[in-house]
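> Structure file query-v8.pdb (PDB, C-alpha atoms and all ligand atoms) right here:
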ATOM      1  CA  MET A   1       5.588  32.053   8.079
ATOM      2  CA  ALA A   2       3.827  29.534   5.821
ATOM      3  CA  SER A   3       0.932  30.981   3.865
ATOM      4  CA  VAL A   4      -2.516  29.420   4.147
ATOM      5  CA  LYS A   5      -2.449  28.783   0.401
ATOM      6  CA  GLU A   6       0.811  26.857   0.709
ATOM      7  CA  MET A   7      -0.523  24.733   3.569
ATOM      8  CA  ASP A   8      -3.733  24.112   1.618
ATOM      9  CA  THR A   9      -1.837  22.916  -1.470
ATOM     10  CA  TYR A  10       0.274  20.463   0.515
ATOM     11  CA  ALA A  11      -2.692  19.304   2.596
ATOM     12  CA  LYS A  12      -4.712  18.403  -0.500
ATOM     13  CA  LEU A  13      -1.779  16.479  -1.959
ATOM     14  CA  TRP A  14      -1.248  14.563   1.276
ATOM     15  CA  MET A  15      -4.969  13.828   1.722
ATOM     16  CA  LYS A  16      -5.099  12.263  -1.741
ATOM     17  CA  GLU A  17      -1.972  10.211  -1.202
ATOM     18  CA  ALA A  18      -3.181   9.028   2.213
ATOM     19  CA  GLY A  19      -6.540   8.109   0.647
ATOM     20  CA  SER A  20      -4.809   5.994  -2.013
ATOM     21  CA  ARG A  21      -2.920   4.159   0.707
ATOM     22  CA  LEU A  22      -6.168   3.459   2.559
ATOM     23  CA  ARG A  23      -7.892   2.148  -0.561
ATOM     24  CA  ALA A  24      -4.871  -0.030  -1.352
ATOM     25  CA  SER A  25      -5.012  -1.473   2.168
ATOM     26  CA  PHE A  26      -8.320  -3.214   1.362
ATOM     27  CA  ASN A  27      -6.246  -5.871  -0.418
ATOM     28  CA  THR A  28      -4.026  -6.496   2.607
ATOM     29  CA  LYS A  29      -4.656  -8.109   5.967
ATOM     30  CA  LEU A  30      -5.419  -5.486   8.612
ATOM     31  CA  ASP A  31      -3.764  -5.612  11.974
ATOM     32  CA  ILE A  32      -6.552  -4.703  14.422
ATOM     33  CA  GLU A  33      -6.057  -3.868  18.104
ATOM     34  CA  MET A  34      -8.468  -2.976  20.881
ATOM     35  CA  LYS A  35      -7.996   0.406  22.585
ATOM     36  CA  THR A  36     -10.227   1.174  25.586
ATOM     37  CA  ASN A  37     -12.967  -1.415  24.926
ATOM     38  CA  PRO A  38     -14.006  -4.055  22.327
ATOM     39  CA  ASN A  39     -15.768  -1.388  20.218
ATOM     40  CA  ASP A  40     -12.844   1.035  20.295
ATOM     41  CA  LEU A  41     -10.477  -0.308  17.662
ATOM     42  CA  VAL A  42      -7.338   0.880  15.968
ATOM     43  CA  THR A  43      -5.584  -0.601  12.941
ATOM     44  CA  ASN A  44      -2.097  -0.468  11.510
ATOM     45  CA  MET A  45      -3.578   1.893   8.901
ATOM     46  CA  ASP A  46      -4.807   4.474  11.475
ATOM     47  CA  LYS A  47      -1.274   4.582  12.845
ATOM     48  CA  GLY A  48       0.422   4.447   9.435
ATOM     49  CA  ILE A  49      -1.634   7.316   8.006
ATOM     50  CA  GLU A  50      -1.099   9.496  11.064
ATOM     51  CA  LYS A  51       2.647   8.833  10.817
ATOM     52  CA  PHE A  52       2.521   9.705   7.108
ATOM     53  CA  PHE A  53       1.022  13.131   7.943
ATOM     54  CA  CYS A  54       3.452  13.702  10.822
ATOM     55  CA  ASP A  55       6.433  12.924   8.566
ATOM     56  CA  LYS A  56       5.192  15.181   5.727
ATOM     57  CA  ILE A  57       4.233  18.100   7.974
ATOM     58  CA  GLY A  58       7.507  17.761   9.886
ATOM     59  CA  GLU A  59       9.502  17.945   6.644
ATOM     60  CA  VAL A  60       7.723  20.947   5.130
ATOM     61  CA  PHE A  61       6.536  22.882   8.205
ATOM     62  CA  PRO A  62       8.945  21.911  10.993
ATOM     63  CA  ASP A  63       7.699  24.583  13.402
ATOM     64  CA  HIS A  64       4.038  23.473  13.194
ATOM     65  CA  ARG A  65       2.524  21.163  15.789
ATOM     66  CA  ILE A  66       0.296  18.127  15.271
ATOM     67  CA  PHE A  67      -2.702  17.035  17.361
ATOM     68  CA  GLY A  68      -3.660  13.568  16.162
ATOM     69  CA  GLU A  69      -5.864  10.783  17.457
ATOM     70  CA  GLU A  70      -3.116   8.169  17.565
ATOM     71  CA  GLY A  71      -0.781  10.413  19.555
ATOM     72  CA  MET A  72       2.105  10.437  17.088
ATOM     73  CA  GLY A  73       2.204  14.199  16.958
ATOM     74  CA  ASN A  74       2.782  16.575  19.859
ATOM     75  CA  ASP A  75       1.404  16.625  23.362
ATOM     76  CA  ILE A  76      -1.057  19.462  22.815
ATOM     77  CA  LYS A  77      -2.212  21.523  25.811
ATOM     78  CA  ASP A  78      -3.020  24.757  23.947
ATOM     79  CA  LEU A  79      -3.558  25.901  20.354
ATOM     80  CA  LYS A  80      -0.790  28.493  20.173
ATOM     81  CA  GLY A  81       0.987  28.779  16.812
ATOM     82  CA  THR A  82      -0.025  26.547  13.911
ATOM     83  CA  VAL A  83      -1.608  23.236  14.881
ATOM     84  CA  TRP A  84      -2.702  20.531  12.440
ATOM     85  CA  ILE A  85      -5.573  18.575  14.016
ATOM     86  CA  ILE A  86      -5.795  15.189  12.333
ATOM     87  CA  ASP A  87      -7.907  12.079  12.413
ATOM     88  CA  PRO A  88      -6.244   9.585  10.063
ATOM     89  CA  ILE A  89      -9.398   7.459   9.899
ATOM     90  CA  ASP A  90     -12.660   8.889  11.205
ATOM     91  CA  GLY A  91     -15.102   5.996  11.304
ATOM     92  CA  THR A  92     -12.643   3.204  12.043
ATOM     93  CA  LEU A  93     -15.469   0.710  12.628
ATOM     94  CA  ASN A  94     -16.793   1.462   9.139
ATOM     95  CA  PHE A  95     -13.275   1.111   7.732
ATOM     96  CA  ILE A  96     -12.901  -2.316   9.339
ATOM     97  CA  HIS A  97     -16.414  -3.678   8.850
ATOM     98  CA  GLN A  98     -17.647  -1.985   5.708
ATOM     99  CA  GLN A  99     -14.718  -0.615   3.718
ATOM    100  CA  ARG A 100     -16.696   2.580   3.106
ATOM    101  CA  ASP A 101     -18.129   5.599   4.944
ATOM    102  CA  PHE A 102     -14.942   6.661   6.667
ATOM    103  CA  ALA A 103     -12.906   9.821   6.156
ATOM    104  CA  ILE A 104      -9.601  11.504   6.787
ATOM    105  CA  SER A 105     -10.244  14.661   8.772
ATOM    106  CA  LEU A 106      -7.910  17.631   8.930
ATOM    107  CA  GLY A 107      -8.143  21.087  10.460
ATOM    108  CA  VAL A 108      -5.375  23.686  10.499
ATOM    109  CA  TYR A 109      -5.688  26.191  13.353
ATOM    110  CA  VAL A 110      -3.505  29.267  13.847
ATOM    111  CA  ASP A 111      -3.590  30.608  17.408
ATOM    112  CA  GLY A 112      -6.872  28.743  17.870
ATOM    113  CA  ILE A 113      -8.532  30.129  14.755
ATOM    114  CA  GLY A 114      -9.596  27.662  12.062
ATOM    115  CA  LYS A 115      -7.955  28.425   8.722
ATOM    116  CA  ILE A 116      -8.259  25.219   6.686
ATOM    117  CA  GLY A 117     -10.775  22.378   6.976
ATOM    118  CA  MET A 118     -10.766  19.163   4.966
ATOM    119  CA  VAL A 119     -12.781  15.971   5.067
ATOM    120  CA  TYR A 120     -11.872  13.314   2.523
ATOM    121  CA  ASP A 121     -14.473  10.663   1.769
ATOM    122  CA  VAL A 122     -11.858   8.134   0.723
ATOM    123  CA  VAL A 123     -13.974   5.517  -1.029
ATOM    124  CA  SER A 124     -16.149   8.015  -2.919
ATOM    125  CA  ASP A 125     -12.984  10.016  -3.681
ATOM    126  CA  GLU A 126     -14.748  13.245  -2.696
ATOM    127  CA  LEU A 127     -12.705  15.930  -0.963
ATOM    128  CA  TYR A 128     -14.622  18.538   1.031
ATOM    129  CA  HIS A 129     -12.413  21.535   1.676
ATOM    130  CA  VAL A 130     -12.472  25.101   2.883
ATOM    131  CA  ILE A 131     -10.077  27.961   3.407
ATOM    132  CA  LYS A 132     -11.841  30.151   5.919
ATOM    133  CA  GLY A 133     -13.581  33.039   4.173
ATOM    134  CA  GLN A 134     -12.966  31.710   0.661
ATOM    135  CA  GLY A 135     -15.890  29.310   0.293
ATOM    136  CA  ALA A 136     -16.426  25.613   0.979
ATOM    137  CA  TYR A 137     -16.180  23.059  -1.805
ATOM    138  CA  MET A 138     -16.728  19.420  -2.632
ATOM    139  CA  ASP A 139     -13.908  18.844  -5.132
ATOM    140  CA  ASP A 140     -14.380  21.774  -7.545
ATOM    141  CA  GLN A 141     -18.025  22.321  -6.758
ATOM    142  CA  ARG A 142     -18.766  25.273  -4.482
ATOM    143  CA  LEU A 143     -21.185  24.454  -1.654
ATOM    144  CA  PRO A 144     -24.006  27.001  -1.522
ATOM    145  CA  THR A 145     -25.058  28.885   1.601
ATOM    146  CA  LEU A 146     -27.468  26.747   3.608
ATOM    147  CA  PRO A 147     -31.143  27.704   3.624
ATOM    148  CA  SER A 148     -33.054  27.743   6.910
ATOM    149  CA  ALA A 149     -34.838  24.600   8.065
ATOM    150  CA  SER A 150     -37.448  23.324  10.523
ATOM    151  CA  VAL A 151     -37.486  20.033  12.428
ATOM    152  CA  ASN A 152     -40.560  18.564  10.743
ATOM    153  CA  ARG A 153     -38.928  18.812   7.315
ATOM    154  CA  SER A 154     -35.461  17.765   8.412
ATOM    155  CA  ILE A 155     -33.292  14.711   8.214
ATOM    156  CA  VAL A 156     -31.375  14.592  11.471
ATOM    157  CA  SER A 157     -28.241  12.549  11.867
ATOM    158  CA  ILE A 158     -28.182  11.010  15.336
ATOM    159  CA  ASN A 159     -26.916   7.739  16.704
ATOM    160  CA  ALA A 160     -29.539   5.564  18.436
ATOM    161  CA  SER A 161     -27.316   5.429  21.560
ATOM    162  CA  TRP A 162     -28.474   8.914  22.550
ATOM    163  CA  VAL A 163     -32.154   7.916  22.716
ATOM    164  CA  THR A 164     -31.523   4.721  24.661
ATOM    165  CA  GLU A 165     -29.962   4.304  28.101
ATOM    166  CA  ASN A 166     -26.532   5.984  28.028
ATOM    167  CA  ARG A 167     -24.135   7.853  30.296
ATOM    168  CA  ARG A 168     -24.355  11.288  28.674
ATOM    169  CA  ILE A 169     -27.959  12.383  28.151
ATOM    170  CA  ASP A 170     -31.425  11.538  29.431
ATOM    171  CA  PRO A 171     -32.762   9.470  26.476
ATOM    172  CA  SER A 172     -36.219  11.037  26.811
ATOM    173  CA  LEU A 173     -34.848  14.478  25.803
ATOM    174  CA  LEU A 174     -34.045  13.761  22.170
ATOM    175  CA  ALA A 175     -36.597  10.967  21.567
ATOM    176  CA  PRO A 176     -39.305  13.540  20.666
ATOM    177  CA  LEU A 177     -36.895  15.137  18.176
ATOM    178  CA  VAL A 178     -36.427  11.739  16.515
ATOM    179  CA  ARG A 179     -40.221  11.373  16.394
ATOM    180  CA  ASP A 180     -40.847  14.860  14.959
ATOM    181  CA  ALA A 181     -38.086  14.878  12.343
ATOM    182  CA  ARG A 182     -38.850  13.807   8.792
ATOM    183  CA  GLY A 183     -36.190  11.128   9.154
ATOM    184  CA  THR A 184     -33.018  10.144  10.952
ATOM    185  CA  ARG A 185     -29.703   8.753   9.757
ATOM    186  CA  SER A 186     -26.470   7.573  11.335
ATOM    187  CA  TYR A 187     -23.353   7.222   9.190
ATOM    188  CA  GLY A 188     -20.756   6.375  11.845
ATOM    189  CA  SER A 189     -18.220   9.034  10.863
ATOM    190  CA  ALA A 190     -18.573  12.437  12.508
ATOM    191  CA  ALA A 191     -16.351  14.076   9.896
ATOM    192  CA  LEU A 192     -18.533  12.796   7.062
ATOM    193  CA  GLU A 193     -21.702  13.809   8.898
ATOM    194  CA  LEU A 194     -20.306  17.338   9.207
ATOM    195  CA  ALA A 195     -19.460  17.367   5.493
ATOM    196  CA  PHE A 196     -22.992  16.168   4.706
ATOM    197  CA  VAL A 197     -24.495  19.004   6.762
ATOM    198  CA  ALA A 198     -22.246  21.470   4.905
ATOM    199  CA  ALA A 199     -23.369  19.987   1.591
ATOM    200  CA  GLY A 200     -27.032  20.266   2.623
ATOM    201  CA  ARG A 201     -27.662  16.516   2.394
ATOM    202  CA  ILE A 202     -28.655  16.240   6.017
ATOM    203  CA  ASP A 203     -30.126  19.111   7.997
ATOM    204  CA  ALA A 204     -28.549  18.536  11.400
ATOM    205  CA  TYR A 205     -26.106  16.289  13.220
ATOM    206  CA  ILE A 206     -26.206  15.754  16.971
ATOM    207  CA  THR A 207     -23.822  13.696  19.027
ATOM    208  CA  MET A 208     -22.830  13.633  22.658
ATOM    209  CA  ARG A 209     -19.158  12.775  22.595
ATOM    210  CA  LEU A 210     -16.442  13.622  20.101
ATOM    211  CA  MET A 211     -12.776  14.403  20.214
ATOM    212  CA  PRO A 212     -11.266  17.535  18.602
ATOM    213  CA  TRP A 213      -9.855  15.591  15.623
ATOM    214  CA  ASP A 214     -13.354  14.267  14.825
ATOM    215  CA  PHE A 215     -14.745  17.778  14.279
ATOM    216  CA  ALA A 216     -11.840  20.226  13.739
ATOM    217  CA  GLY A 217     -12.018  20.033   9.938
ATOM    218  CA  GLY A 218     -15.756  19.532   9.470
ATOM    219  CA  VAL A 219     -17.006  22.405  11.618
ATOM    220  CA  LEU A 220     -15.118  24.858   9.389
ATOM    221  CA  LEU A 221     -17.038  23.545   6.367
ATOM    222  CA  VAL A 222     -20.367  23.985   8.160
ATOM    223  CA  GLU A 223     -19.521  27.496   9.392
ATOM    224  CA  GLU A 224     -18.422  28.587   5.925
ATOM    225  CA  VAL A 225     -21.851  27.834   4.427
ATOM    226  CA  GLY A 226     -23.695  29.609   7.249
ATOM    227  CA  GLY A 227     -24.558  26.586   9.368
ATOM    228  CA  GLU A 228     -24.920  26.744  13.139
ATOM    229  CA  VAL A 229     -22.267  25.077  15.310
ATOM    230  CA  SER A 230     -22.200  24.553  19.069
ATOM    231  CA  ASN A 231     -22.096  21.853  21.704
ATOM    232  CA  ILE A 232     -25.336  20.364  23.052
ATOM    233  CA  LYS A 233     -25.637  23.211  25.582
ATOM    234  CA  GLY A 234     -25.342  25.867  22.893
ATOM    235  CA  ASP A 235     -21.808  26.833  23.948
ATOM    236  CA  LYS A 236     -18.582  27.049  21.944
ATOM    237  CA  LEU A 237     -16.764  23.795  21.286
ATOM    238  CA  ASN A 238     -13.827  22.677  23.366
ATOM    239  CA  PHE A 239     -10.987  22.039  20.909
ATOM    240  CA  LEU A 240      -8.617  20.598  23.505
ATOM    241  CA  GLU A 241     -10.734  18.124  25.452
ATOM    242  CA  GLY A 242     -13.453  17.299  22.940
ATOM    243  CA  ASP A 243     -17.147  17.997  23.310
ATOM    244  CA  SER A 244     -20.705  17.157  22.371
ATOM    245  CA  LEU A 245     -21.718  18.601  19.010
ATOM    246  CA  PHE A 246     -24.822  20.043  17.405
ATOM    247  CA  VAL A 247     -24.560  21.423  13.861
ATOM    248  CA  SER A 248     -27.447  22.406  11.657
ATOM    249  CA  LYS A 249     -28.925  24.558   8.968
ATOM    250  CA  PRO A 250     -29.900  28.029  10.218
ATOM    251  CA  GLY A 251     -33.023  28.089  12.381
ATOM    252  CA  LEU A 252     -32.809  24.551  13.692
ATOM    253  CA  HIS A 253     -30.667  25.450  16.691
ATOM    254  CA  LYS A 254     -33.300  27.782  18.067
ATOM    255  CA  GLU A 255     -36.127  25.342  17.436
ATOM    256  CA  VAL A 256     -34.263  22.435  19.046
ATOM    257  CA  PHE A 257     -33.125  24.442  22.084
ATOM    258  CA  ASP A 258     -36.616  25.939  22.556
ATOM    259  CA  LYS A 259     -38.648  22.774  22.082
ATOM    260  CA  TYR A 260     -36.472  19.860  23.146
ATOM    261  CA  LEU A 261     -33.611  21.150  25.287
ATOM    262  CA  SER A 262     -35.113  23.979  27.330
ATOM    263  CA  GLY A 263     -35.359  24.098  31.130
ATOM    264  CA  ASP A 264     -33.323  21.840  33.373
ATOM    265  CA  THR A 265     -31.998  19.146  31.054
ATOM    266  CA  GLY A 266     -29.274  17.997  33.426
ATOM    267  CA  LEU A 267     -26.691  18.573  30.691
TER     268      LEU A 267
HETATM  269  P1  LIG B 301     -13.364   7.415  15.205
HETATM  270  O1  LIG B 301     -13.814   6.396  14.226
HETATM  271  O2  LIG B 301     -12.236   8.243  14.738
HETATM  272  O3  LIG B 301     -13.106   6.807  16.563
HETATM  273  C1  LIG B 301     -18.920   7.323  15.415
HETATM  274  O4  LIG B 301     -20.201   7.594  15.796
HETATM  275  C2  LIG B 301     -18.139   8.615  15.424
HETATM  276  O5  LIG B 301     -17.782   8.963  16.768
HETATM  277  C3  LIG B 301     -16.842   8.526  14.677
HETATM  278  O6  LIG B 301     -16.559   9.784  14.150
HETATM  279  C4  LIG B 301     -15.867   8.101  15.732
HETATM  280  O7  LIG B 301     -14.543   8.492  15.423
HETATM  281  C5  LIG B 301     -16.377   8.881  16.926
HETATM  282  N1  LIG B 301     -16.091   8.215  18.190
HETATM  283  C6  LIG B 301     -16.221   6.913  18.458
HETATM  284  N2  LIG B 301     -15.895   6.650  19.754
HETATM  285  C7  LIG B 301     -15.553   7.825  20.300
HETATM  286  C8  LIG B 301     -15.099   8.230  21.592
HETATM  287  N3  LIG B 301     -14.940   7.355  22.588
HETATM  288  N4  LIG B 301     -14.836   9.518  21.799
HETATM  289  C9  LIG B 301     -14.978  10.411  20.789
HETATM  290  N5  LIG B 301     -15.381  10.100  19.554
HETATM  291  C10 LIG B 301     -15.681   8.821  19.305
HETATM  292 CA    CA B 302     -10.014   7.902  14.201
END
Just dump the structure as structure tokens.
Ligand code: 2AM
Ligand code: CA

Amino acid sequence: MASVKEMDTYAKLWMKEAGSRLRASFNTKLDIEMKTNPNDLVTNMDKGIEKFFCDKIGEVFPDHRIFGEEGMGNDIKDLKGTVWIIDPIDGTLNFIHQQRDFAISLGVYVDGIGKIGMVYDVVSDELYHVIKGQGAYMDDQRLPTLPSASVNRSIVSINASWVTENRRIDPSLLAPLVRDARGTRSYGSAALELAFVAAGRIDAYITMRLMPWDFAGGVLLVEEVGGEVSNIKGDKLNFLEGDSLFVSKPGLHKEVFDKYLSGDTGL
């Protein structure tokens, strides 16, 4: 069986090569297609990068399975064995519109247990990585354990959709959190937002709808530095169907669930 160290070494190599390809693509004309709606876009690069990972993983680890956003891997119905959960471009709208603030996200799970997490901020050339139990890093810099936090001194990453009319949550629930926090941000890439929580740059990230490849890598970074991870109800994440997500420094979960999400929230 492949060792975690071996998978980690290859994964880092492939992340860097995939990142170079994405940066090089800025000089070419993108082929952009609509998926489910005009805001849900996919490019030739999303597909090309996912294929790149599938080819590499298939060559080196032929018995591993791949769960990727663009569906070029396996049809995944369970997490038995070794599964590489990949988002070739997390933050595709940023990739298309801004040429920054997008990431490649990778999580390696063995029988459902997270072993390796990586989030590569391609334009900044910063690789966030963790082998479970061995510390989380940004490049060579170890990320320290997160201190506890309180809402009134926190920067909370949340998209404005969740405090305006939407299909997932009563907008009046989280509006008071936005008011009470020191500040809010929205970066448009869940994987990067998870890496930023792990690095202590933002104190919490809340979102109502993600797919497993958006968070599989990043949640391992946050857990490694002692952050709190759950869905919006406080339950474990669903790694097959996707879920809402709430990650934070220690202490914020309790405060948010007690003050803003207690009682019958309809969630
Ligand atoms: P993507 O760019 O890989 O699609 C934007 O707020 C964040 O949410 C990005 O990480 C984006 O990932 C993700 N996202 C956008 N639309 C989504 C959807 N319909 N389901 C799940 N995640 C989504
Ligand atoms: Ca994507």
> Select from chain A every residue with an atom at most 6 Å from any atom of ligand LIG 301 (chain B), then for each give the shortest pair of atoms and their distance in Å to one decimal, using all atoms listed in the file, rows by chain and rising number, as a Markdown table.

| residue | atom | partner | partner_atom | distance |
| --- | --- | --- | --- | --- |
| A:Ile89 | CA | B:LIG301 | O2 | 5.7 |
| A:Asp90 | CA | B:LIG301 | O2 | 3.6 |
| A:Gly91 | CA | B:LIG301 | O1 | 3.2 |
| A:Thr92 | CA | B:LIG301 | O1 | 4.0 |
| A:Gly188 | CA | B:LIG301 | C1 | 4.1 |
| A:Ser189 | CA | B:LIG301 | O6 | 3.8 |
| A:Ala190 | CA | B:LIG301 | O6 | 3.7 |
| A:Arg209 | CA | B:LIG301 | C9 | 5.1 |
| A:Leu210 | CA | B:LIG301 | C9 | 3.6 |
| A:Met211 | CA | B:LIG301 | C9 | 4.6 |
| A:Asp214 | CA | B:LIG301 | O6 | 5.6 |
> If we count only C-alpha atoms and set the cut-off at 12 Å, which residues sit around range 69-79 of chain A, ignoring sequence neighbours fewer than 5 positions away in its own chain? Please answer as a PyMOL selection string.
chain A and resi 35+41-58+62-64+84-90+92+104-114+210-216+238-242
> Mind checking which residues fall within 9 Å of Tyr187 in chain A, counting all atoms listed in the file, ignoring those fewer than 6 positions away in the same chain, and posting them as a list in words?
Gly91, Asn94, Asp101, Phe102, Ser157, Ile158, Asn159 and Glu193 of chain A
> Between CA of Ile155 in chain A and CA of Ile131 in chain A, what is the distance in Å, rounded to a tenth?
27.2 Å
> In Å, how far is it from CA of Asp203 in chain A to CA of Val247 in chain A?
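Pair CA of Asp203 in chain A / CA of Val247 in chain A returns 8.4 Å.
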> Taking into account all atoms listed in the file, which residue in the set A:Ala103, A:Met34, A:Val4, A:Val83 is nearest to ligand CA 302 (chain B)?
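Of A:Ala103, A:Met34, A:Val4, A:Val83, the one nearest ligand CA 302 (chain B) is A:Ala103, counting all atoms listed in the file.
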> List, as a ChimeraX atom specification, every residue that the PyMOL selection byres (((chain A and resi 169-186) around 10) and not hetatm) selects in the file provided.
/A:150-168,187-190,193,202-206,208,232,256,259-262,265-267
> Return the single residue from A:Met138, A:Leu13, A:Ala24, A:Ala191 that is closest to Gly217 in chain A, with distances computed using all atoms listed in the file.
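Going through A:Met138, A:Leu13, A:Ala24, A:Ala191 one by one, the smallest distance to Gly217 in chain A is for A:Ala191.
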> From the set A:Lys29, A:Leu221, A:Ala11, A:Lys236, which residue has the shortest atom-to-atom contact distance to Gly200 in chain A, counting only C-alpha atoms?
A:Leu221
> I'd like to know which of A:Phe61, A:Phe95, A:Phe257, A:Phe26 is closest to ligand CA 302 (chain B), using only C-alpha atoms and all ligand atoms.
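Closest to ligand CA 302 (chain B), using only C-alpha atoms and all ligand atoms: A:Phe95.
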> Could you check which residues have any atom within 8 Å of (-11.0, 26.5, 3.6), counting all atoms listed in the file with coordinates taken straight from the file, and then list them as a PDB file with C-alpha atoms, in the coordinates of the input?

ATOM      1  CA  ASP A   8      -3.733  24.112   1.618  1.00  0.00           C
ATOM      2  CA  LYS A 115      -7.955  28.425   8.722  1.00  0.00           C
ATOM      3  CA  ILE A 116      -8.259  25.219   6.686  1.00  0.00           C
ATOM      4  CA  GLY A 117     -10.775  22.378   6.976  1.00  0.00           C
ATOM      5  CA  MET A 118     -10.766  19.163   4.966  1.00  0.00           C
ATOM      6  CA  HIS A 129     -12.413  21.535   1.676  1.00  0.00           C
ATOM      7  CA  VAL A 130     -12.472  25.101   2.883  1.00  0.00           C
ATOM      8  CA  ILE A 131     -10.077  27.961   3.407  1.00  0.00           C
ATOM      9  CA  LYS A 132     -11.841  30.151   5.919  1.00  0.00           C
ATOM     10  CA  GLY A 133     -13.581  33.039   4.173  1.00  0.00           C
ATOM     11  CA  GLN A 134     -12.966  31.710   0.661  1.00  0.00           C
ATOM     12  CA  GLY A 135     -15.890  29.310   0.293  1.00  0.00           C
ATOM     13  CA  ALA A 136     -16.426  25.613   0.979  1.00  0.00           C
ATOM     14  CA  LEU A 220     -15.118  24.858   9.389  1.00  0.00           C
ATOM     15  CA  LEU A 221     -17.038  23.545   6.367  1.00  0.00           C
TER      16      LEU A 221
END
> Taking into account all atoms listed in the file, which residue in the set A:Met1, A:Val225, A:Met15, A:Leu93 is nearest to ligand CA 302 (chain B)?
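Result for the nearest residue to ligand CA 302 (chain B): A:Leu93.
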> Would you mind reading off the distance between CA of Phe246 in chain A and CA of Pro144 in chain A, one decimal, in Å?
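Here the two named atoms are 20.2 Å from each other.
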> Kindly indicate which residue among A:Ile96, A:Leu237, A:Ala198, A:Ala2 lies nearest to ligand CA 302 (chain B), using all atoms listed in the file for the distances.
A:Ile96
> I would like the residues chosen by the PyMOL selection byres (((chain A and resi 122) around 8) and not hetatm) on the shown file; could you give them as a list in words?
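Evaluating the PyMOL selection byres (((chain A and resi 122) around 8) and not hetatm) on this file yields Gly19, Ser20, Leu22, Arg23, Arg100, Asp101, Phe102, Ala103, Ile104, Tyr120, Asp121, Val123, Ser124, Asp125 and Glu126 of chain A.
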> Rebuild range 208-219 of chain A to N, CA, C and O atoms - output it as a CSV table (one decimal), in the coordinates of the input, please.

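Dumped everything to part_39.csv:
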chain,number,residue,atom,x,y,z
A,208,MET,N,-23.1,13.2,21.3
A,208,MET,CA,-22.8,13.6,22.7
A,208,MET,C,-21.4,13.5,23.0
A,208,MET,O,-21.0,14.0,24.1
A,209,ARG,N,-20.6,12.9,22.2
A,209,ARG,CA,-19.2,12.8,22.6
A,209,ARG,C,-18.2,12.7,21.4
A,209,ARG,O,-18.3,11.7,20.7
A,210,LEU,N,-17.4,13.7,21.2
A,210,LEU,CA,-16.4,13.6,20.1
A,210,LEU,C,-15.1,14.2,20.6
A,210,LEU,O,-15.1,14.9,21.6
A,211,MET,N,-14.1,13.8,19.9
A,211,MET,CA,-12.8,14.4,20.2
A,211,MET,C,-12.5,15.5,19.2
A,211,MET,O,-13.1,15.5,18.1
A,212,PRO,N,-11.5,16.4,19.5
A,212,PRO,CA,-11.3,17.5,18.6
A,212,PRO,C,-11.0,17.1,17.2
A,212,PRO,O,-11.4,17.8,16.2
A,213,TRP,N,-10.2,16.0,17.0
A,213,TRP,CA,-9.9,15.6,15.6
A,213,TRP,C,-11.1,15.1,14.8
A,213,TRP,O,-11.0,15.1,13.6
A,214,ASP,N,-12.1,14.7,15.5
A,214,ASP,CA,-13.4,14.3,14.8
A,214,ASP,C,-14.0,15.5,14.2
A,214,ASP,O,-14.7,15.3,13.1
A,215,PHE,N,-13.9,16.6,14.8
A,215,PHE,CA,-14.7,17.8,14.3
A,215,PHE,C,-13.9,19.0,13.8
A,215,PHE,O,-14.5,19.9,13.2
A,216,ALA,N,-12.6,19.0,14.0
A,216,ALA,CA,-11.8,20.2,13.7
A,216,ALA,C,-11.9,20.6,12.3
A,216,ALA,O,-12.0,21.8,12.0
A,217,GLY,N,-11.9,19.7,11.4
A,217,GLY,CA,-12.0,20.0,9.9
A,217,GLY,C,-13.5,20.3,9.5
A,217,GLY,O,-13.8,21.4,8.9
A,218,GLY,N,-14.4,19.5,9.9
A,218,GLY,CA,-15.8,19.5,9.5
A,218,GLY,C,-16.5,20.8,9.9
A,218,GLY,O,-17.3,21.3,9.2
A,219,VAL,N,-16.2,21.2,11.2
A,219,VAL,CA,-17.0,22.4,11.6
A,219,VAL,C,-16.7,23.6,10.8
A,219,VAL,O,-17.5,24.5,10.6
